[in-house]
Amino acid sequence: MELLGLYYYWIFAILLMTGFYAVIAKLNLIKKLLGLSLFQAAVFLLYITMGKVDGGTAPIFADGATEQLFSNPLPQVLILTAIVVGISTTALGLGIVVRIKEEYGSIEEHEILETDRQ
Amino acid sequence: MIVVFGVFLLTLLLITAFAIVRTPNLFVAVMLTGIFSLLLASNFFLLDAADVALTEAAVGAGISTVLFLGALALTAERETAPSSNRLIALLAVSVMVVAIIYATFDKPRFADPDAPVHRHVAPWYLEKTPDAIDIPNVVTAVLGSFRGYDTLGEVFVVYTAGIGVLFLLGKSTARRQEDLDDAPRGLRHYLIPRVVGRMLIPFILLFGLYVQFHGDYGPGGGFQAGALIAASIILYALLEGENRALRVLPRGLLTGLIAGGALLYGAVGVAGMLLGGKFLDYSLLADNPVSGQHVGILLIEAGVGITVTGVLLSIFHAFAARGRF
């Protein structure tokens, strides 16, 4: 049980680095962006995990109830906005990839570098 | 029980992530990210983050998949080259994983109520929300009022990203309008998606509006509602062709929405100043401070919703129009 309490953090670590691997090792630009979103998702997971309180509920006051135990609302606020910002920036990245494809005819990093060298 | 379910979902999440990175077929990878987002949203729900789960489901599983597919249609569907420097990358990544896992042994255990993160400002927000703002959803209270500055900043980041995509891809779409009219019109020839979609769209829109205006009382707010409304219009565009969707919400109007929402947010802040308070101080917007907060939150959430809808739809149309020539 003691180690089970750390499971969420370990998943975070592996997820984060899976995304990072795609960013550094893959040559395809769309794959790199997918890796970047995985990286982002891992950070979201870490924040939300830290906000959880044992026996707590979602931080919404119920009618008439007193002495409710809530999970931490603050990380939720941060991540809520971060998700929407994340998709907008990913879209910007995709826009750049599309323009690169139009100019270079490829979205593979080595082919783009090759074209640049010529 | 919940812990077991959480572990199960997290393991699935990890498997999906590995599959996304491994598969050389980008179409498969993008479809898997849809599943990944849905699993992530379920996890958020288990972790008591209802608002975040709603956002992730609408944005990650819905809109992000459509955008990636749009980009794939314009680029390539398969990776052609294997990874570079695979061993070095694997080594670096493994070292980092081990380092992070080593660091977690110092961290407070999962769901520990005495963790430092719960002892600093969070109790203050939970304590003050009923008196100062008097809306049930603490997340909305913090998002809209206590930390309204942050949210304004986020809205402008979304705004900037939208403008950026329009700069990159929006050029020369206007003069192609007549070509668009001859373009294949969505899924119009497929009966079942059309019928089912047509029945779904009004309900998605209605749910979006509910999420927008019920955000003070339950999970929801401008970010989620914007994503949901954009998703319903995108569904309409996929079924009936972009032209029809552009007839409902023309490009000029969408650009207006992008700027209008952000301006509405800013204007609420300035209104507070003109009434003698501070920037984004809603207390003076009505005759007593608490109803002032209600008015302020309603208005800024509307601003957020408008901008997010405008940006997501503009991005979608920018990608979709690009594919036609």
# chains A, B, ... in the order shown; residues from 1 in each chain; ligands from 1
call {"tool": "closest_atom_pairs", "arguments": {"of": "chain A", "to": "chain B", "cutoff": "7 Å", "atoms": "only C-alpha atoms", "output": "Markdown table"}}
result
| residue | atom | partner | partner_atom | distance |
| --- | --- | --- | --- | --- |
| A:Gly5 | CA | B:Phe110 | CA | 4.6 |
| A:Leu6 | CA | B:Arg109 | CA | 6.1 |
| A:Tyr9 | CA | B:Thr104 | CA | 6.7 |
| A:Trp10 | CA | B:Ile101 | CA | 5.9 |
| A:Ile11 | CA | B:Leu10 | CA | 6.9 |
| A:Ala13 | CA | B:Val97 | CA | 5.6 |
| A:Ile14 | CA | B:Val97 | CA | 6.0 |
| A:Leu15 | CA | B:Leu14 | CA | 6.4 |
| A:Met17 | CA | B:Val93 | CA | 5.7 |
| A:Thr18 | CA | B:Phe18 | CA | 7.0 |
| A:Tyr21 | CA | B:Ala89 | CA | 6.4 |
| A:Ala22 | CA | B:Val21 | CA | 6.1 |
| A:Ile24 | CA | B:Ala89 | CA | 6.8 |
| A:Ala25 | CA | B:Ser83 | CA | 5.3 |
| A:Lys26 | CA | B:Ser83 | CA | 4.7 |
| A:Leu27 | CA | B:Ser83 | CA | 6.1 |
| A:Asn28 | CA | B:Glu79 | CA | 6.0 |
| A:Ile48 | CA | B:Phe44 | CA | 6.8 |
| A:Thr49 | CA | B:Leu47 | CA | 6.5 |
| A:Lys52 | CA | B:Ala111 | CA | 5.0 |
| A:Val53 | CA | B:Ala111 | CA | 4.3 |
| A:Asp54 | CA | B:Ala111 | CA | 4.7 |
| A:Thr57 | CA | B:Asp48 | CA | 5.5 |
| A:Ala58 | CA | B:Asp48 | CA | 4.4 |
| A:Pro59 | CA | B:Val138 | CA | 5.7 |
| A:Ile60 | CA | B:Asn137 | CA | 4.2 |
| A:Phe61 | CA | B:Pro136 | CA | 4.5 |
| A:Ala62 | CA | B:Pro136 | CA | 7.0 |
| A:Ser71 | CA | B:Asp48 | CA | 6.5 |
| A:Asn72 | CA | B:Ala122 | CA | 6.2 |
| A:Pro73 | CA | B:Val139 | CA | 5.5 |
| A:Leu74 | CA | B:Ala122 | CA | 6.3 |
| A:Gln76 | CA | B:Ala49 | CA | 6.2 |
| A:Val77 | CA | B:Val139 | CA | 5.8 |
| A:Ile79 | CA | B:Val52 | CA | 6.9 |
| A:Leu80 | CA | B:Val52 | CA | 5.1 |
| A:Thr81 | CA | B:Glu154 | CA | 6.6 |
| A:Ile83 | CA | B:Glu56 | CA | 6.8 |
| A:Val84 | CA | B:Phe223 | CA | 6.9 |
| A:Val85 | CA | B:Val158 | CA | 5.5 |
| A:Ile87 | CA | B:Ser64 | CA | 6.5 |
| A:Ser88 | CA | B:Ala161 | CA | 5.6 |
| A:Thr89 | CA | B:Ala161 | CA | 5.8 |
| A:Ala91 | CA | B:Leu67 | CA | 7.0 |
| A:Leu92 | CA | B:Val165 | CA | 5.3 |
| A:Leu94 | CA | B:Ala71 | CA | 6.3 |
| A:Gly95 | CA | B:Val165 | CA | 5.9 |
| A:Ile96 | CA | B:Leu168 | CA | 6.9 |
| A:Val98 | CA | B:Thr75 | CA | 6.4 |
| A:Lys101 | CA | B:Thr75 | CA | 6.1 |
call {"tool": "residues_around", "arguments": {"residues": "B:Ala237", "least_positions_apart": "2", "cutoff": "12 Å", "atoms": "only C-alpha atoms", "output": "number ranges by chain"}}
result
B: 66, 184-188, 194, 197-198, 201, 230-235, 239-249, 313, 316-317, 320-321
call {"tool": "write_last_selection", "arguments": {"atoms": "N, CA and C atoms", "output": "mmCIF file, in the first residue's frame"}}
result
data_model
loop_
_atom_site.group_PDB
_atom_site.id
_atom_site.type_symbol
_atom_site.label_atom_id
_atom_site.label_comp_id
_atom_site.auth_asym_id
_atom_site.auth_seq_id
_atom_site.Cartn_x
_atom_site.Cartn_y
_atom_site.Cartn_z
ATOM 1 N N VAL B 66 -9.406 15.984 -34.374
ATOM 2 C CA VAL B 66 -9.803 16.547 -35.673
ATOM 3 C C VAL B 66 -8.666 17.391 -36.253
ATOM 4 N N PRO B 184 -16.069 18.615 -52.797
ATOM 5 C CA PRO B 184 -16.931 17.577 -52.234
ATOM 6 C C PRO B 184 -17.500 18.037 -50.885
ATOM 7 N N ARG B 185 -18.747 17.838 -50.696
ATOM 8 C CA ARG B 185 -19.399 18.429 -49.539
ATOM 9 C C ARG B 185 -19.520 17.435 -48.406
ATOM 10 N N GLY B 186 -18.474 17.337 -47.603
ATOM 11 C CA GLY B 186 -18.539 16.575 -46.364
ATOM 12 C C GLY B 186 -19.001 15.146 -46.580
ATOM 13 N N LEU B 187 -19.761 14.676 -45.654
ATOM 14 C CA LEU B 187 -20.237 13.297 -45.689
ATOM 15 C C LEU B 187 -21.677 13.245 -46.166
ATOM 16 N N ARG B 188 -22.041 14.191 -47.011
ATOM 17 C CA ARG B 188 -23.452 14.340 -47.335
ATOM 18 C C ARG B 188 -24.048 13.087 -47.963
ATOM 19 N N ARG B 194 -25.085 11.286 -41.338
ATOM 20 C CA ARG B 194 -25.834 12.543 -41.459
ATOM 21 C C ARG B 194 -27.027 12.589 -40.533
ATOM 22 N N GLY B 197 -25.820 12.508 -36.901
ATOM 23 C CA GLY B 197 -25.168 13.773 -36.599
ATOM 24 C C GLY B 197 -26.163 14.907 -36.451
ATOM 25 N N ARG B 198 -27.111 14.947 -37.360
ATOM 26 C CA ARG B 198 -28.115 16.014 -37.294
ATOM 27 C C ARG B 198 -28.906 15.971 -36.013
ATOM 28 N N ILE B 201 -26.301 17.258 -33.109
ATOM 29 C CA ILE B 201 -25.763 18.622 -33.064
ATOM 30 C C ILE B 201 -26.565 19.568 -32.152
ATOM 31 N N ALA B 230 -17.648 24.665 -30.282
ATOM 32 C CA ALA B 230 -16.803 24.515 -31.464
ATOM 33 C C ALA B 230 -16.927 23.091 -32.005
ATOM 34 N N ALA B 231 -16.959 22.089 -31.104
ATOM 35 C CA ALA B 231 -17.053 20.698 -31.552
ATOM 36 C C ALA B 231 -18.345 20.467 -32.324
ATOM 37 N N SER B 232 -19.446 21.056 -31.865
ATOM 38 C CA SER B 232 -20.715 20.826 -32.569
ATOM 39 C C SER B 232 -20.678 21.456 -33.958
ATOM 40 N N ILE B 233 -20.071 22.650 -34.075
ATOM 41 C CA ILE B 233 -20.001 23.284 -35.401
ATOM 42 C C ILE B 233 -19.047 22.490 -36.303
ATOM 43 N N ILE B 234 -17.956 21.971 -35.709
ATOM 44 C CA ILE B 234 -17.022 21.164 -36.504
ATOM 45 C C ILE B 234 -17.728 19.911 -37.016
ATOM 46 N N LEU B 235 -18.545 19.300 -36.153
ATOM 47 C CA LEU B 235 -19.306 18.123 -36.583
ATOM 48 C C LEU B 235 -20.217 18.488 -37.754
ATOM 49 N N LEU B 239 -20.068 16.959 -41.584
ATOM 50 C CA LEU B 239 -21.211 16.278 -42.197
ATOM 51 C C LEU B 239 -21.678 16.986 -43.455
ATOM 52 N N GLU B 240 -21.736 18.310 -43.407
ATOM 53 C CA GLU B 240 -22.379 19.049 -44.488
ATOM 54 C C GLU B 240 -21.387 19.798 -45.377
ATOM 55 N N GLY B 241 -20.125 19.722 -45.069
ATOM 56 C CA GLY B 241 -19.145 20.496 -45.826
ATOM 57 C C GLY B 241 -18.882 21.829 -45.144
ATOM 58 N N GLU B 242 -17.632 22.348 -45.327
ATOM 59 C CA GLU B 242 -17.267 23.575 -44.608
ATOM 60 C C GLU B 242 -18.078 24.772 -45.051
ATOM 61 N N ASN B 243 -18.529 24.731 -46.317
ATOM 62 C CA ASN B 243 -19.268 25.886 -46.823
ATOM 63 C C ASN B 243 -20.480 26.212 -46.000
ATOM 64 N N ARG B 244 -21.227 25.138 -45.717
ATOM 65 C CA ARG B 244 -22.452 25.335 -44.951
ATOM 66 C C ARG B 244 -22.107 25.898 -43.577
ATOM 67 N N ALA B 245 -21.040 25.334 -42.964
ATOM 68 C CA ALA B 245 -20.646 25.806 -41.638
ATOM 69 C C ALA B 245 -20.202 27.261 -41.713
ATOM 70 N N LEU B 246 -19.520 27.621 -42.824
ATOM 71 C CA LEU B 246 -19.064 29.005 -42.967
ATOM 72 C C LEU B 246 -20.228 29.947 -43.231
ATOM 73 N N ARG B 247 -21.316 29.386 -43.780
ATOM 74 C CA ARG B 247 -22.483 30.235 -43.980
ATOM 75 C C ARG B 247 -23.123 30.561 -42.626
ATOM 76 N N VAL B 248 -23.082 29.584 -41.703
ATOM 77 C CA VAL B 248 -23.626 29.837 -40.356
ATOM 78 C C VAL B 248 -22.750 30.843 -39.625
ATOM 79 N N LEU B 249 -21.433 30.566 -39.608
ATOM 80 C CA LEU B 249 -20.488 31.440 -38.910
ATOM 81 C C LEU B 249 -19.385 31.825 -39.888
ATOM 82 N N LEU B 313 -12.660 27.274 -33.944
ATOM 83 C CA LEU B 313 -13.300 27.164 -35.263
ATOM 84 C C LEU B 313 -12.436 27.772 -36.358
ATOM 85 N N PHE B 316 -9.771 25.312 -37.187
ATOM 86 C CA PHE B 316 -10.328 24.203 -37.977
ATOM 87 C C PHE B 316 -10.524 24.621 -39.437
ATOM 88 N N HIS B 317 -11.124 25.796 -39.648
ATOM 89 C CA HIS B 317 -11.381 26.232 -41.020
ATOM 90 C C HIS B 317 -10.074 26.510 -41.764
ATOM 91 N N ALA B 320 -8.914 23.144 -42.818
ATOM 92 C CA ALA B 320 -9.809 22.509 -43.784
ATOM 93 C C ALA B 320 -9.710 23.186 -45.146
ATOM 94 N N ALA B 321 -9.626 24.527 -45.164
ATOM 95 C CA ALA B 321 -9.591 25.232 -46.442
ATOM 96 C C ALA B 321 -8.283 24.978 -47.168
#
call {"tool": "atom_distance", "arguments": {"atom1": "atom CA of B:Ser314", "atom2": "atom CA of B:Tyr149"}}
result
25.2 Å
call {"tool": "select_by_dssp", "arguments": {"residues": "stretch 31-244 of chain B", "states": "alpha helix (DSSP H)", "output": "MDAnalysis selection string"}}
result
chainID B and resid 31:46 50:56 65:74 86:104 122:128 138:141 148:169 177:182 191:213 222:240 242:244
call {"tool": "atom_distance", "arguments": {"atom1": "atom CA of B:Gly303", "atom2": "atom CA of B:Phe213"}}
result
12.0 Å
call {"tool": "residues_around", "arguments": {"residues": "B:Gln212", "least_positions_apart": "3", "cutoff": "6 Å", "atoms": "only C-alpha atoms", "output": "JSON, numbers by chain"}}
result
{"B": [209, 215, 221, 222, 225]}
call {"tool": "closest_residue", "arguments": {"among": "B:Phe207, B:Leu254, B:Val196, B:Leu228", "to": "B:Gly310", "atoms": "only C-alpha atoms"}}
result
B:Leu254
call {"tool": "closest_residue", "arguments": {"among": "A:Leu3, A:Ala41, A:Lys31, A:Ile112", "to": "A:Ile100", "atoms": "only C-alpha atoms"}}
result
A:Ile112
call {"tool": "closest_residue", "arguments": {"among": "B:Ala271, B:Ser42, B:Ala19, B:Val28", "to": "B:Leu69", "atoms": "only C-alpha atoms"}}
result
B:Val28
call {"tool": "decode", "arguments": {"residues": "stretch 1-107 of chain A", "atoms": "C-alpha atoms", "output": "CSV table (one decimal), in the first residue's frame"}}
result
chain,number,residue,atom,x,y,z
A,1,MET,CA,0.0,0.0,0.0
A,2,GLU,CA,2.9,2.3,0.8
A,3,LEU,CA,4.3,1.9,-2.7
A,4,LEU,CA,0.9,2.0,-4.3
A,5,GLY,CA,0.8,5.6,-3.0
A,6,LEU,CA,3.6,6.4,-5.4
A,7,TYR,CA,2.2,4.6,-8.4
A,8,TYR,CA,0.7,7.8,-9.9
A,9,TYR,CA,4.1,9.6,-9.7
A,10,TRP,CA,5.8,6.7,-11.4
A,11,ILE,CA,3.3,6.7,-14.2
A,12,PHE,CA,3.9,10.4,-14.5
A,13,ALA,CA,7.6,9.8,-14.8
A,14,ILE,CA,7.3,7.1,-17.5
A,15,LEU,CA,4.6,9.1,-19.4
A,16,LEU,CA,6.7,12.2,-19.3
A,17,MET,CA,9.8,10.5,-20.7
A,18,THR,CA,7.8,8.5,-23.3
A,19,GLY,CA,6.7,11.9,-24.7
A,20,PHE,CA,10.2,13.2,-24.5
A,21,TYR,CA,11.6,10.2,-26.3
A,22,ALA,CA,9.2,10.9,-29.2
A,23,VAL,CA,10.4,14.5,-29.3
A,24,ILE,CA,14.1,13.7,-29.4
A,25,ALA,CA,14.3,10.4,-31.2
A,26,LYS,CA,11.5,10.5,-33.8
A,27,LEU,CA,12.3,12.3,-37.1
A,28,ASN,CA,8.7,12.9,-38.2
A,29,LEU,CA,7.5,16.3,-37.1
A,30,ILE,CA,3.9,15.3,-36.4
A,31,LYS,CA,5.2,12.5,-34.2
A,32,LYS,CA,7.3,15.0,-32.3
A,33,LEU,CA,4.2,17.1,-31.7
A,34,LEU,CA,2.3,14.0,-30.5
A,35,GLY,CA,5.2,13.4,-28.2
A,36,LEU,CA,4.9,16.9,-26.9
A,37,SER,CA,1.2,16.5,-26.2
A,38,LEU,CA,2.1,13.3,-24.2
A,39,PHE,CA,4.6,15.3,-22.3
A,40,GLN,CA,2.0,17.9,-21.5
A,41,ALA,CA,-0.6,15.3,-20.5
A,42,ALA,CA,1.9,13.8,-18.0
A,43,VAL,CA,2.3,17.2,-16.4
A,44,PHE,CA,-1.4,17.6,-16.2
A,45,LEU,CA,-1.7,14.2,-14.5
A,46,LEU,CA,1.0,15.2,-12.0
A,47,TYR,CA,-0.8,18.4,-11.0
A,48,ILE,CA,-4.3,16.8,-10.7
A,49,THR,CA,-2.8,13.9,-8.7
A,50,MET,CA,-1.3,16.2,-6.2
A,51,GLY,CA,-4.6,17.9,-5.7
A,52,LYS,CA,-6.4,14.8,-4.6
A,53,VAL,CA,-7.3,14.5,-1.0
A,54,ASP,CA,-8.2,11.2,0.6
A,55,GLY,CA,-12.0,10.9,1.0
A,56,GLY,CA,-12.5,14.3,-0.7
A,57,THR,CA,-14.9,15.2,-3.5
A,58,ALA,CA,-14.9,17.6,-6.4
A,59,PRO,CA,-14.7,21.2,-5.0
A,60,ILE,CA,-18.4,22.1,-5.5
A,61,PHE,CA,-20.5,23.0,-2.5
A,62,ALA,CA,-23.6,20.9,-2.2
A,63,ASP,CA,-26.8,22.4,-1.1
A,64,GLY,CA,-27.3,22.3,2.6
A,65,ALA,CA,-24.3,20.1,3.3
A,66,THR,CA,-21.9,21.2,6.0
A,67,GLU,CA,-18.3,20.1,6.7
A,68,GLN,CA,-17.5,18.7,3.2
A,69,LEU,CA,-14.0,17.6,2.5
A,70,PHE,CA,-12.8,18.8,-0.9
A,71,SER,CA,-9.9,18.0,-3.1
A,72,ASN,CA,-7.6,21.0,-3.8
A,73,PRO,CA,-9.2,23.3,-6.4
A,74,LEU,CA,-6.1,25.2,-7.2
A,75,PRO,CA,-4.2,22.7,-9.4
A,76,GLN,CA,-7.5,22.0,-11.2
A,77,VAL,CA,-7.8,25.7,-12.1
A,78,LEU,CA,-4.3,25.8,-13.4
A,79,ILE,CA,-4.6,22.7,-15.5
A,80,LEU,CA,-8.1,23.5,-16.8
A,81,THR,CA,-6.7,26.6,-18.6
A,82,ALA,CA,-3.5,24.8,-19.5
A,83,ILE,CA,-5.4,22.2,-21.5
A,84,VAL,CA,-7.1,24.8,-23.7
A,85,VAL,CA,-3.9,26.8,-24.1
A,86,GLY,CA,-2.1,23.5,-24.9
A,87,ILE,CA,-4.5,22.7,-27.8
A,88,SER,CA,-4.1,26.2,-29.2
A,89,THR,CA,-0.3,26.0,-29.2
A,90,THR,CA,-0.4,22.5,-30.6
A,91,ALA,CA,-2.5,23.9,-33.4
A,92,LEU,CA,0.1,26.6,-34.0
A,93,GLY,CA,2.7,23.9,-34.2
A,94,LEU,CA,0.7,21.9,-36.7
A,95,GLY,CA,0.2,25.1,-38.7
A,96,ILE,CA,4.0,25.4,-38.9
A,97,VAL,CA,4.4,21.7,-39.9
A,98,VAL,CA,1.9,22.2,-42.7
A,99,ARG,CA,3.8,25.2,-44.0
A,100,ILE,CA,7.1,23.3,-43.8
A,101,LYS,CA,5.5,20.5,-45.8
A,102,GLU,CA,4.4,23.0,-48.4
A,103,GLU,CA,7.9,24.6,-48.7
A,104,TYR,CA,10.1,21.5,-48.3
A,105,GLY,CA,7.8,18.7,-49.5
A,106,SER,CA,8.5,16.6,-46.5
A,107,ILE,CA,7.9,16.5,-42.7
